[in-house]
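Peer 1: What follows is coords.cif; its format and atoms are mmCIF, C-alpha atoms.
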```cif
data_upload
loop_
_atom_site.label_atom_id
_atom_site.label_comp_id
_atom_site.auth_asym_id
_atom_site.auth_seq_id
_atom_site.Cartn_x
_atom_site.Cartn_y
_atom_site.Cartn_z
CA MET H 11 58.94 113.09 109.01
CA ASN H 12 56.56 111.76 106.46
CA ALA H 13 56.25 108.21 105.18
CA LEU H 14 57.61 109.23 101.78
CA ASN H 15 61.01 110.02 103.26
CA THR H 16 61.13 106.71 105.14
CA THR H 17 60.14 104.78 102.00
CA LEU H 18 62.76 106.60 99.93
CA ILE H 19 65.48 105.89 102.49
CA LEU H 20 64.62 102.18 102.67
CA ALA H 21 64.45 101.92 98.87
CA ALA H 22 67.83 103.64 98.59
CA ALA H 23 69.29 101.22 101.17
CA PHE H 24 67.93 98.23 99.22
CA LEU H 25 69.43 99.48 95.95
CA ALA H 26 72.70 100.46 97.65
CA VAL H 27 73.19 96.95 99.05
CA PHE H 28 72.39 95.38 95.68
CA GLY H 29 74.71 97.81 93.90
CA GLU H 30 77.56 97.01 96.29
CA ALA H 31 77.16 93.30 95.50
CA ALA H 32 76.54 93.65 91.76
CA PHE H 33 79.14 96.23 90.74
CA SER H 34 82.75 95.78 91.74
CA VAL H 35 84.49 98.56 89.83
CA LEU H 36 85.72 100.23 93.05
CA ARG H 37 86.78 96.87 94.48
CA HIS H 38 88.72 96.20 91.28
CA TRP H 39 90.54 99.56 91.28
CA LEU H 40 90.89 100.32 94.99
CA GLY H 41 90.83 96.86 96.55
CA ALA H 42 87.80 97.61 98.69
CA GLN H 43 84.06 98.09 98.29
CA VAL H 44 82.50 101.27 99.70
CA ASP H 45 79.46 100.76 101.95
CA LEU H 46 76.70 103.35 101.48
CA LEU H 47 74.56 102.27 104.45
CA PRO H 48 76.49 104.41 107.02
CA ALA H 49 76.01 107.48 104.79
CA LEU H 50 72.28 106.77 104.61
CA MET H 51 72.22 106.26 108.36
CA VAL H 52 73.80 109.70 108.91
CA TYR H 53 71.10 111.30 106.75
CA SER H 54 68.37 109.32 108.49
CA ALA H 55 69.63 110.13 111.99
CA LEU H 56 69.81 113.86 111.23
CA ASN H 57 66.57 114.26 109.30
CA THR H 58 64.06 111.59 110.32
CA ASP H 59 62.64 110.05 113.48
CA ILE H 60 63.95 107.18 115.59
CA VAL H 61 61.53 104.72 113.93
CA THR H 62 63.11 105.33 110.52
CA VAL H 63 66.58 105.01 112.04
CA SER H 64 65.59 101.65 113.56
CA LEU H 65 63.93 100.45 110.34
CA LEU H 66 67.01 101.38 108.31
CA ALA H 67 69.34 99.60 110.74
CA VAL H 68 67.25 96.40 110.80
CA SER H 69 66.32 96.15 107.13
CA GLY H 70 69.61 97.54 105.74
CA GLY H 71 71.62 95.26 108.03
CA LEU H 72 69.56 92.19 107.12
CA TRP H 73 69.76 92.91 103.37
CA PHE H 74 73.52 93.39 103.61
CA ASP H 75 74.01 90.17 105.59
CA ALA H 76 71.74 88.20 103.23
CA LEU H 77 74.07 88.88 100.30
CA SER H 78 77.21 88.47 102.37
CA ALA H 79 78.85 85.64 104.30
CA ASN H 80 78.21 87.60 107.52
CA PRO H 81 76.04 85.80 110.06
CA LEU H 82 72.52 87.19 109.65
CA GLY H 83 72.01 90.21 111.90
CA ALA H 84 75.72 91.01 112.34
CA SER H 85 75.42 94.39 110.61
CA VAL H 86 72.23 95.50 112.40
CA MET H 87 73.63 96.58 115.76
CA PRO H 88 76.70 98.46 114.43
CA LEU H 89 74.49 100.46 112.04
CA PHE H 90 71.96 101.20 114.75
CA ALA H 91 74.66 102.18 117.28
CA VAL H 92 76.04 104.79 114.87
CA GLY H 93 72.56 106.09 113.99
CA PHE H 94 71.42 106.19 117.62
CA VAL H 95 74.42 108.23 118.82
CA ILE H 96 74.07 110.74 115.96
CA TYR H 97 70.32 110.96 116.58
CA LEU H 98 70.82 111.77 120.27
CA GLN H 99 73.32 114.53 119.43
CA ARG H 100 71.62 115.92 116.36
CA GLU H 101 70.50 119.19 117.97
CA LEU H 102 74.18 120.06 118.41
CA ILE H 103 75.18 119.26 114.81
CA LEU H 104 75.17 121.77 111.97
CA ARG H 105 73.45 119.35 109.66
CA GLU H 106 73.04 121.74 106.74
CA LEU H 107 76.80 122.21 106.30
CA PRO H 108 78.38 119.87 103.71
CA PHE H 109 81.59 119.79 105.76
CA ALA H 110 79.72 118.55 108.84
CA GLN H 111 78.00 115.92 106.66
CA PHE H 112 81.39 114.91 105.24
CA VAL H 113 82.95 114.49 108.69
CA LEU H 114 79.95 112.61 110.07
CA GLY H 115 79.96 110.33 107.00
CA ALA H 116 83.65 109.60 107.53
CA ILE H 117 83.15 108.79 111.21
CA ALA H 118 80.09 106.60 110.56
CA SER H 119 81.79 104.76 107.67
CA ALA H 120 84.85 104.12 109.84
CA VAL H 121 83.00 103.02 112.97
CA THR H 122 80.39 100.73 111.36
CA PRO H 123 82.80 98.19 109.76
CA ALA H 124 85.07 98.32 112.84
CA LEU H 125 82.13 97.43 115.10
CA THR H 126 80.99 94.70 112.69
CA ILE H 127 84.47 93.11 112.63
CA LEU H 128 84.60 93.33 116.43
CA LEU H 129 81.21 91.62 116.66
CA LEU H 130 82.31 88.89 114.22
CA LEU H 131 85.54 88.24 116.14
CA THR H 132 83.58 88.14 119.41
CA GLY H 133 81.23 85.60 117.85
CA GLY H 134 84.13 83.28 116.96
CA GLN H 135 84.13 84.08 113.23
CA GLU H 136 87.38 84.40 111.26
CA PRO H 137 87.01 87.28 108.81
CA LEU H 138 89.82 88.17 106.41
CA PHE H 139 91.96 90.50 108.47
CA GLY H 140 95.51 91.79 107.94
CA TRP H 141 97.58 94.86 107.15
CA GLY H 142 95.62 95.28 103.93
CA SER H 143 92.48 95.78 106.03
CA ILE H 144 93.80 99.22 107.05
CA TRP H 145 93.81 100.29 103.40
CA GLN H 146 90.29 98.88 102.93
CA TRP H 147 89.15 100.71 106.06
CA LEU H 148 90.60 103.99 104.75
CA VAL H 149 88.88 103.50 101.37
CA MET H 150 85.56 102.78 103.10
CA THR H 151 85.97 105.85 105.34
CA ALA H 152 86.85 108.16 102.45
CA GLY H 153 84.11 106.69 100.23
CA GLY H 154 81.48 107.08 102.93
CA ALA H 155 82.64 110.65 103.63
CA VAL H 156 82.30 111.64 99.98
CA ALA H 157 78.96 109.83 99.62
CA THR H 158 77.27 111.49 102.62
CA PRO H 159 76.87 115.06 101.22
CA ILE H 160 75.72 113.49 97.94
CA VAL H 161 73.08 111.51 99.84
CA PHE H 162 71.90 114.72 101.55
CA GLU H 163 71.75 116.50 98.21
CA PHE H 164 69.86 113.61 96.60
CA PHE H 165 67.22 113.39 99.33
CA GLY H 166 66.89 117.16 99.40
CA TRP H 167 66.14 117.06 95.70
CA CYS H 168 63.66 114.20 96.20
CA GLN H 169 61.89 116.15 98.93
CA ARG H 170 61.61 119.21 96.70
CA ALA H 171 60.40 117.13 93.75
CA LEU H 172 57.97 114.78 95.50
CA GLY H 173 57.03 116.42 98.81
CA TYR H 174 54.56 119.16 99.55
CA GLN H 175 56.01 122.66 99.21
CA PRO H 176 55.49 125.10 102.12
CA ARG H 177 52.77 127.67 101.41
CA VAL H 178 54.15 131.11 100.60
CA GLU H 179 52.69 133.80 102.88
CA THR H 180 51.78 137.10 101.23
CA SER H 181 52.50 140.42 102.95
CA PHE H 182 48.85 141.51 102.48
CA ARG H 183 46.90 141.89 105.71
CA PRO H 184 43.29 143.24 105.53
CA ASP H 185 43.49 144.83 109.00
CA ARG H 186 46.37 147.04 107.87
CA GLU H 187 44.63 148.34 104.72
CA ILE H 188 44.72 152.10 104.37
CA ARG H 189 41.22 153.30 103.83
CA ARG H 190 40.81 156.39 101.73
CA GLY H 191 37.87 158.70 100.91
CA HIS H 192 36.65 159.14 104.51
CA ASN H 193 36.55 162.37 106.49
CA MET F 11 57.88 110.47 126.63
CA PHE F 12 60.47 111.63 124.08
CA ARG F 13 63.28 109.76 125.81
CA LYS F 14 61.10 106.73 126.40
CA LYS F 15 60.63 106.39 122.64
CA HIS F 16 64.42 106.30 122.16
CA TYR F 17 64.87 103.51 124.63
CA LEU F 18 61.94 101.59 123.19
CA ALA F 19 63.61 101.72 119.77
CA LEU F 20 66.97 100.69 121.27
CA GLY F 21 65.29 97.78 123.06
CA ALA F 22 63.35 96.70 119.97
CA VAL F 23 66.42 96.67 117.67
CA THR F 24 68.52 94.84 120.28
CA LEU F 25 65.73 92.30 120.73
CA VAL F 26 65.48 91.69 116.97
CA ALA F 27 69.27 91.23 116.70
CA LEU F 28 69.37 88.86 119.69
CA LEU F 29 66.38 86.91 118.36
CA ILE F 30 68.11 86.36 115.01
CA PHE F 31 71.39 85.40 116.68
CA SER F 32 69.66 82.89 118.92
CA LEU F 33 67.79 81.11 116.11
CA PRO F 34 68.99 77.62 115.16
CA GLN F 35 71.47 77.52 112.26
CA ARG F 36 68.98 75.90 109.89
CA GLU F 37 66.31 78.52 110.54
CA VAL F 38 68.87 81.31 110.10
CA SER F 39 69.93 79.85 106.72
CA ARG F 40 66.30 79.71 105.58
CA PHE F 41 65.64 83.24 106.78
CA LYS F 42 68.81 84.46 105.05
CA LEU F 43 67.75 82.87 101.77
CA ALA F 44 64.26 84.36 102.13
CA VAL F 45 65.70 87.85 102.69
CA GLY F 46 68.12 87.36 99.80
CA GLY F 47 65.15 86.30 97.64
CA LEU F 48 63.90 89.89 97.76
CA PHE F 49 66.72 90.74 95.35
CA LEU F 50 65.54 88.24 92.71
CA PRO F 51 63.78 90.83 90.48
CA LEU F 52 66.98 92.86 90.44
CA PHE F 53 69.01 89.79 89.40
CA GLY F 54 66.82 89.48 86.29
CA LEU F 55 67.13 93.16 85.54
CA LEU F 56 70.91 93.00 85.94
CA ASN F 57 71.19 89.97 83.63
CA ALA F 58 69.09 91.68 80.97
CA THR F 59 71.23 94.83 81.25
CA GLN F 60 74.45 92.86 80.99
CA GLN F 61 73.22 91.03 77.88
CA LEU F 62 72.30 94.24 76.08
CA PRO F 63 75.82 95.29 74.93
CA GLY F 64 76.54 91.72 73.76
CA ASP F 65 73.30 91.54 71.78
CA ALA F 66 73.94 94.96 70.27
CA ALA F 67 77.49 93.95 69.27
CA THR F 68 76.21 90.74 67.66
CA ALA F 69 73.60 92.67 65.72
CA VAL F 70 76.13 95.02 64.14
CA LEU F 71 78.95 92.48 63.56
CA PRO F 72 79.61 91.99 59.79
CA ARG F 73 78.63 88.65 58.25
CA ARG F 74 82.21 88.06 57.08
CA GLU F 75 83.48 88.28 60.68
CA LEU F 76 80.83 85.84 61.87
CA LEU F 77 81.69 83.33 59.13
CA LYS F 78 85.37 83.59 60.00
CA GLU F 79 84.57 83.03 63.67
CA LEU F 80 82.38 80.05 62.77
CA GLU F 81 85.17 78.51 60.71
CA ASN F 82 87.63 78.94 63.61
CA LEU F 83 85.18 77.31 65.98
CA HIS F 84 84.67 74.38 63.57
CA ARG F 85 88.43 73.87 63.40
CA GLU F 86 88.79 74.08 67.18
CA ASN F 87 85.88 71.65 67.59
CA GLN F 88 87.56 69.10 65.33
CA GLN F 89 90.83 69.40 67.25
CA LEU F 90 89.00 68.93 70.54
CA ARG F 91 87.20 65.84 69.17
CA VAL F 92 90.53 64.26 68.26
CA GLN F 93 91.88 65.14 71.72
CA GLU F 94 88.74 63.68 73.29
CA LEU F 95 89.30 60.39 71.45
CA GLN F 96 92.88 60.34 72.68
CA ALA F 97 91.77 61.19 76.24
CA ALA F 98 89.13 58.43 76.12
CA ALA F 99 91.80 55.92 75.06
CA ILE F 100 94.07 57.09 77.90
CA ALA F 101 91.18 56.87 80.37
CA ARG F 102 90.40 53.30 79.23
CA GLU F 103 94.03 52.33 79.63
CA ASN F 104 94.16 54.05 83.03
CA ASN F 105 91.06 52.17 84.19
CA GLN F 106 92.52 48.84 83.03
CA LEU F 107 95.75 49.53 84.92
CA ARG F 108 93.79 50.61 88.03
CA ALA F 109 91.75 47.40 87.78
CA LEU F 110 95.00 45.38 87.65
CA LEU F 111 96.17 47.16 90.80
CA ASN F 112 92.75 46.69 92.46
CA ARG F 113 92.27 50.45 92.77
CA GLN F 114 88.94 52.22 92.47
CA ARG F 115 87.98 53.29 88.96
CA GLN F 116 88.15 57.05 88.25
CA MET F 117 84.79 58.47 87.31
CA PRO F 118 84.56 61.22 84.67
CA TRP F 119 83.67 64.68 86.00
CA LYS F 120 80.12 65.93 85.60
CA LEU F 121 80.12 69.68 85.25
CA LYS F 122 77.40 72.32 85.23
CA LEU F 123 77.99 75.88 84.02
CA ALA F 124 76.94 78.76 86.27
CA ASN F 125 77.04 82.54 85.97
CA VAL F 126 78.50 84.63 88.78
CA VAL F 127 75.76 87.11 89.64
CA LEU F 128 76.92 88.87 92.82
CA ARG F 129 80.01 89.37 94.94
CA ASP F 130 80.14 89.66 98.72
CA PRO F 131 79.49 93.31 99.63
CA ALA F 132 81.64 92.92 102.76
CA ASN F 133 85.38 93.38 102.33
CA TRP F 134 86.25 90.76 104.96
CA TRP F 135 84.78 87.73 103.13
CA ARG F 136 85.59 86.29 99.73
CA THR F 137 82.38 84.78 98.37
CA VAL F 138 80.28 85.04 95.21
CA GLN F 139 76.74 84.05 94.33
CA ILE F 140 75.97 81.89 91.30
CA ASP F 141 72.71 81.41 89.42
CA LEU F 142 72.30 77.68 90.16
CA GLY F 143 70.45 76.31 93.16
CA SER F 144 68.86 73.25 94.66
CA ARG F 145 66.44 72.97 91.70
CA ASP F 146 69.55 72.40 89.51
CA GLY F 147 70.77 69.66 91.84
CA LEU F 148 73.32 71.72 93.76
CA ARG F 149 74.17 70.91 97.34
CA GLU F 150 76.71 72.15 99.86
CA ASN F 151 80.45 71.46 99.47
CA LEU F 152 80.46 70.79 95.72
CA PRO F 153 83.77 71.95 94.17
CA VAL F 154 83.65 74.97 91.86
CA LEU F 155 86.27 75.57 89.15
CA THR F 156 87.12 77.35 85.92
CA PRO F 157 89.11 75.92 82.99
CA ASP F 158 92.18 77.52 84.65
CA GLY F 159 91.81 75.86 88.03
CA LEU F 160 89.99 75.54 91.34
CA VAL F 161 87.85 78.45 92.50
CA GLY F 162 86.27 77.23 95.76
CA ARG F 163 83.26 75.28 96.98
CA VAL F 164 79.51 75.75 97.33
CA SER F 165 78.86 76.95 100.89
CA SER F 166 75.08 77.44 100.96
CA VAL F 167 72.31 76.59 98.52
CA GLY F 168 69.05 78.37 97.78
CA VAL F 169 66.39 77.31 95.31
CA THR F 170 67.68 79.40 92.41
CA ARG F 171 71.10 80.59 93.55
CA SER F 172 73.98 79.47 95.73
CA GLN F 173 76.87 81.00 97.59
CA VAL F 174 80.39 79.94 96.66
CA VAL F 175 83.21 80.49 99.14
CA LEU F 176 86.39 81.28 97.19
CA LEU F 177 89.99 80.20 97.76
CA GLY F 178 91.65 82.67 100.11
CA ASP F 179 88.58 82.98 102.34
CA PRO F 180 89.15 81.75 105.91
CA ASN F 181 86.24 79.32 105.46
CA CYS F 182 87.75 77.64 102.39
CA ARG F 183 90.64 75.32 103.24
CA VAL F 184 91.86 72.81 100.70
CA SER F 185 94.22 69.88 101.11
CA ALA F 186 96.84 70.37 98.38
CA ARG F 187 99.85 68.57 96.92
CA VAL F 188 102.90 70.10 95.28
CA GLU F 189 103.84 68.40 92.01
CA ASN F 190 107.48 67.80 92.89
CA GLN F 191 109.49 64.67 93.62
CA ALA F 192 108.61 64.67 97.33
CA HIS F 193 104.86 65.27 96.66
CA ASP F 194 104.78 67.73 99.57
CA MET F 195 101.34 68.09 101.11
CA GLY F 196 99.86 71.18 102.75
CA ILE F 197 96.68 73.13 103.39
CA VAL F 198 95.64 76.08 101.23
CA SER F 199 94.33 78.69 103.64
CA ALA F 200 93.41 82.37 103.91
CA SER F 201 95.56 85.06 102.40
CA GLY F 202 95.71 88.83 102.87
CA PRO F 203 92.56 90.86 102.31
CA LEU F 204 93.88 92.85 99.33
CA ASP F 205 95.50 90.46 96.85
CA ASN F 206 93.03 87.79 95.76
CA ALA F 207 95.53 86.16 93.38
CA LEU F 208 97.74 84.82 96.21
CA VAL F 209 96.96 82.24 98.91
CA GLU F 210 99.02 80.64 101.66
CA LEU F 211 100.01 76.97 101.52
CA THR F 212 100.65 76.03 105.14
CA TYR F 213 101.60 72.95 107.20
CA LEU F 214 104.11 71.75 104.62
CA ALA F 215 106.78 69.46 106.07
CA GLY F 216 109.74 71.20 107.71
CA GLY F 217 112.61 71.54 105.26
CA ALA F 218 110.36 71.01 102.22
CA ASN F 219 112.34 71.86 99.11
CA LEU F 220 109.94 73.98 97.06
CA LYS F 221 110.88 75.80 93.91
CA PRO F 222 109.04 78.78 92.41
CA GLY F 223 106.82 77.74 89.53
CA GLU F 224 106.03 74.24 90.81
CA ASN F 225 102.40 73.30 90.33
CA VAL F 226 100.03 72.87 93.26
CA VAL F 227 96.98 70.61 92.81
CA THR F 228 94.26 69.23 95.06
CA SER F 229 95.41 66.14 96.94
CA GLY F 230 91.99 64.47 97.09
CA GLN F 231 92.12 64.21 100.87
CA GLY F 232 89.32 65.71 102.91
CA GLY F 233 86.51 64.26 100.84
CA ILE F 234 85.38 67.44 99.07
CA TYR F 235 87.76 68.02 96.17
CA PRO F 236 88.79 65.21 93.80
CA PRO F 237 92.56 64.87 93.29
CA GLY F 238 94.46 66.65 90.53
CA ILE F 239 92.51 69.90 90.14
CA PRO F 240 95.08 72.68 89.46
CA ILE F 241 95.24 75.31 92.21
CA GLY F 242 98.26 77.41 91.23
CA GLN F 243 102.04 77.74 91.24
CA ILE F 244 104.51 78.22 94.10
CA VAL F 245 105.78 81.81 94.36
CA ASP F 246 108.12 81.48 97.34
CA SER F 247 108.47 79.56 100.60
CA ARG F 248 109.83 80.13 104.10
CA PRO F 249 110.36 78.06 107.25
CA VAL F 250 107.95 78.79 110.13
CA GLU F 251 108.20 78.15 113.89
CA PHE F 252 111.98 77.56 113.82
CA GLY F 253 111.69 75.19 110.85
CA LEU F 254 108.94 73.05 112.37
CA TYR F 255 106.97 73.43 109.16
CA THR F 256 107.11 75.37 105.92
CA GLU F 257 104.75 77.94 104.43
CA ALA F 258 104.57 78.94 100.78
CA ARG F 259 102.76 81.57 98.81
CA VAL F 260 100.81 80.22 95.85
CA LYS F 261 99.69 82.25 92.84
CA LEU F 262 96.22 80.98 91.93
CA SER F 263 95.63 79.67 88.41
CA ALA F 264 92.02 80.89 88.35
CA LYS F 265 91.51 84.64 88.19
CA LEU F 266 89.16 85.24 91.12
CA GLY F 267 88.92 89.00 90.52
CA GLY F 268 87.18 88.71 87.17
CA LEU F 269 85.01 85.63 87.57
CA GLU F 270 82.02 85.63 85.24
CA GLN F 271 81.30 81.94 84.64
CA VAL F 272 82.29 78.93 86.73
CA TRP F 273 81.75 75.17 86.57
CA VAL F 274 80.22 73.27 89.45
CA LEU F 275 81.66 69.77 89.69
CA PHE F 276 79.31 66.91 90.56
CA PRO F 277 80.91 63.70 91.88
#
```
What does this structure look like when you write it as structure tokens?

Peer 2:
Amino acid sequence: MNALNTTLILAAAFLAVFGEAAFSVLRHWLGAQVDLLPALMVYSALNTDIVTVSLLAVSGGLWFDALSANPLGASVMPLFAVGFVIYLQRELILRELPFAQFVLGAIASAVTPALTILLLLTGGQEPLFGWGSIWQWLVMTAGGAVATPIVFEFFGWCQRALGYQPRVETSFRPDREIRRGHN
Amino acid sequence: MFRKKHYLALGAVTLVALLIFSLPQREVSRFKLAVGGLFLPLFGLLNATQQLPGDAATAVLPRRELLKELENLHRENQQLRVQELQAAAIARENNQLRALLNRQRQMPWKLKLANVVLRDPANWWRTVQIDLGSRDGLRENLPVLTPDGLVGRVSSVGVTRSQVVLLGDPNCRVSARVENQAHDMGIVSASGPLDNALVELTYLAGGANLKPGENVVTSGQGGIYPPGIPIGQIVDSRPVEFGLYTEARVKLSAKLGGLEQVWVLFP
């Protein structure tokens, strides 16, 4: 994958984290904020190389933790774990299908916060946790699932708009030209 | 070679995570503030964007409306001045009485206004970021409130912004007193993750007779919050651990869901 895609993914992660902290419309109406990093990780794991996956996990996780009360680095490993598993299995996944993207987005958005909470509890932290967390988890899963095909569509559009287009081959071949006027 | 690259990446990310986890707390805080500083240009952009509708509304507001508003503000200002005079007289009298009883004189609150710029992106914490930092004299554990009541305390301080941990977060516990005849004391602690208007008041004495609607204020114990800051009202109570102690739900006076401006209280 080219550097443009990696840069775009990291820029999108940066803006996504800021947007999650700055705008709380969803939190106000649904009681939970949707995390877009798992959706970006699904796209990255299916379409880019392992370096981009690692960069997204480290930088996205650090940006998220910097604006949150999470201990710094708590979100890095859960994000990377999800990306790494999808990356290893990506040859078996029908990545072009929106339904597959939707399902992968749901799984990634469900697993990432669960792993983060597990890591926090293991580290002796006391996050807010109760029956209401199940609702928040469902909102995050559904939000991530819906966001993933949109992320694929957005990056597909960016690639078409900013990347090099493949050269169109013509059907003309000089060795197959029919020569006329000879005996 | 292909597989080796995978494991190299796995090792590198694990190493980075372990390295950050193993750093001393102070270094981690600095690093966190430095990473958070990357968002500073976006803070400015966000502020400018938020001011735009207000500026536009002011520009198109008729002069008559503005004059009416100004007159109302003048009237309110005069009322507040009279109330201030009365409050100053009460404070003087209070200080004289405290001096007679050999009790420490109450100092007036010093407040600084701050804008709430960001909320915690994680659903399992209840914190916000404000646009005051160490250059404005902020330090950790300063109480934060609104005119309605207590909001929380400053938990970490950067140069230009600080993090405030709100009531209802597991890291914000407040010693509180119920304004009833028994002056029941308890600890305001974490609530459920969904409703940010309710908190738990725990470790109240067994058999405490609490009535819905009774006011809960800070007790002044613990050394962070001065006494008498309103926290909320009792909703209901129940005995816990076979009546060993009582727990109550408290509806917060401050509306944490729609915080835009808060006051930081300096001792």

Peer 1: Take atom CA of Asp179 of chain F and atom CA of Leu138 of chain H and report the distance between them in Å, one decimal.

Peer 2: 6.7 Å

Peer 1: So how many Å separate atom CA of Met117 of chain F and atom CA of His193 of chain F, to one decimal?

Peer 2: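 Interatomic distance here is 23.2 Å.
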
Peer 1: Figure out the distance between atom CA of Ala118 of chain H and atom CA of Leu89 of chain H, please, to one decimal in Å.

Peer 2: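 We find that atom CA of Leu89 of chain H and atom CA of Ala118 of chain H lie 8.4 Å from each other.
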
Peer 1: Identify all chain F residues at most 6 Å from chain H by counting all atoms listed in the file; ligands do not count. Present them as a list in words.

Peer 2: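 In the required form, that comes to Ala27, Lys42, Gly46, Leu128, Arg129, Asp130, Pro131, Trp134, Gly202, Pro203 and Leu204 of chain F.
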
Peer 1: On this structure, the PyMOL selection byres ((chain F and resi 152-159) around 10) would catch which residues? List them as a PyMOL selection string, sorted by chain and number.

Peer 2: chain F and resi 121-124+148-151+160-165+174-176+227-228+234-236+238-242+262-266+269-277

Peer 1: Can you spell out as a ChimeraX atom specification the set of residues that the PyMOL selection byres ((chain H and resi 50-52) around 8) selects in the structure I just provided?

Peer 2: /H:19,23,46-49,53-56,63,66-67,89,92-93,96,111,114-115,118,158,161

Peer 1: Evaluated on this file, the PyMOL selection byres ((chain F and resi 224) around 12) picks out some residues - which ones are they, written as a PDB file with C-alpha atoms, keeping the file's coordinate frame?

Peer 2:
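Okay, expr_4.pdb is ready:
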```pdb
ATOM      1  CA  ARG F 187      99.850  68.570  96.920  1.00  0.00           C
ATOM      2  CA  VAL F 188     102.900  70.100  95.280  1.00  0.00           C
ATOM      3  CA  GLU F 189     103.840  68.400  92.010  1.00  0.00           C
ATOM      4  CA  ASN F 190     107.480  67.800  92.890  1.00  0.00           C
ATOM      5  CA  GLN F 191     109.490  64.670  93.620  1.00  0.00           C
ATOM      6  CA  ALA F 192     108.610  64.670  97.330  1.00  0.00           C
ATOM      7  CA  HIS F 193     104.860  65.270  96.660  1.00  0.00           C
ATOM      8  CA  ASP F 194     104.780  67.730  99.570  1.00  0.00           C
ATOM      9  CA  ASN F 219     112.340  71.860  99.110  1.00  0.00           C
ATOM     10  CA  LEU F 220     109.940  73.980  97.060  1.00  0.00           C
ATOM     11  CA  LYS F 221     110.880  75.800  93.910  1.00  0.00           C
ATOM     12  CA  PRO F 222     109.040  78.780  92.410  1.00  0.00           C
ATOM     13  CA  GLY F 223     106.820  77.740  89.530  1.00  0.00           C
ATOM     14  CA  ASN F 225     102.400  73.300  90.330  1.00  0.00           C
ATOM     15  CA  VAL F 226     100.030  72.870  93.260  1.00  0.00           C
ATOM     16  CA  VAL F 227      96.980  70.610  92.810  1.00  0.00           C
ATOM     17  CA  PRO F 240      95.080  72.680  89.460  1.00  0.00           C
ATOM     18  CA  ILE F 241      95.240  75.310  92.210  1.00  0.00           C
ATOM     19  CA  GLY F 242      98.260  77.410  91.230  1.00  0.00           C
ATOM     20  CA  GLN F 243     102.040  77.740  91.240  1.00  0.00           C
ATOM     21  CA  ILE F 244     104.510  78.220  94.100  1.00  0.00           C
ATOM     22  CA  VAL F 245     105.780  81.810  94.360  1.00  0.00           C
ATOM     23  CA  ASP F 246     108.120  81.480  97.340  1.00  0.00           C
ATOM     24  CA  SER F 247     108.470  79.560 100.600  1.00  0.00           C
ATOM     25  CA  ALA F 258     104.570  78.940 100.780  1.00  0.00           C
ATOM     26  CA  ARG F 259     102.760  81.570  98.810  1.00  0.00           C
ATOM     27  CA  VAL F 260     100.810  80.220  95.850  1.00  0.00           C
ATOM     28  CA  LYS F 261      99.690  82.250  92.840  1.00  0.00           C
ATOM     29  CA  LEU F 262      96.220  80.980  91.930  1.00  0.00           C
ATOM     30  CA  SER F 263      95.630  79.670  88.410  1.00  0.00           C
TER      31      SER F 263
END
```

Peer 1: If you take every atom of segment 169-177 of chain H that the file lists and fit an axis-aligned box around them with 4 Å extra on each side, what centre and edge lengths come out in Å to one decimal, as JSON?

Peer 2:
```
{"center_x": 57.3, "center_y": 121.2, "center_z": 97.9, "size_x": 17.1, "size_y": 20.9, "size_z": 16.4}
```

Peer 1: Fewer than 3 positions away in the same chain doesn't count, so skip those; otherwise give me all residues within 9 Å of segment 164-171 of chain H, counting only C-alpha atoms, as a list in words.

Peer 2: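 My list of contacting residues is Leu14, Asn15, Leu18, Ile19, Tyr53, Pro159, Ile160, Val161, Tyr174 and Gln175 of chain H.
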
Peer 1: Could you take the residues named above and write them with C-alpha atoms, as a PDB file, in the coordinates of the input?

Peer 2:
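Wrote it out as out14.pdb, contents follow:
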```pdb
ATOM      1  CA  LEU H  14      57.610 109.230 101.780  1.00  0.00           C
ATOM      2  CA  ASN H  15      61.010 110.020 103.260  1.00  0.00           C
ATOM      3  CA  LEU H  18      62.760 106.600  99.930  1.00  0.00           C
ATOM      4  CA  ILE H  19      65.480 105.890 102.490  1.00  0.00           C
ATOM      5  CA  TYR H  53      71.100 111.300 106.750  1.00  0.00           C
ATOM      6  CA  PRO H 159      76.870 115.060 101.220  1.00  0.00           C
ATOM      7  CA  ILE H 160      75.720 113.490  97.940  1.00  0.00           C
ATOM      8  CA  VAL H 161      73.080 111.510  99.840  1.00  0.00           C
ATOM      9  CA  TYR H 174      54.560 119.160  99.550  1.00  0.00           C
ATOM     10  CA  GLN H 175      56.010 122.660  99.210  1.00  0.00           C
TER      11      GLN H 175
END
```

Peer 1: Using only C-alpha atoms, can you tell me which of F:Cys182, F:Leu111, F:Ala98, F:Leu48 comes closest to Ala200 of chain F?

Peer 2: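 Of all the options, F:Cys182 lies closest to Ala200 of chain F.
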
Peer 1: Would you pick out the contacts of Ala152 of chain H at 9 Å or less, using all atoms listed in the file, so that residues sharing its chain but fewer than 3 positions from it are not included, and give the list as an MDAnalysis selection string?

Peer 2: chainID H and resid 44 115:116 119:120 147:149 155:157

Peer 1: Pick the closest to Leu107 of chain H from H:Glu163, H:Thr151, H:Ala124, H:Gly70: which is it, counting only C-alpha atoms?

Peer 2: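 Among the listed residues, the smallest separation from Leu107 of chain H belongs to H:Glu163.
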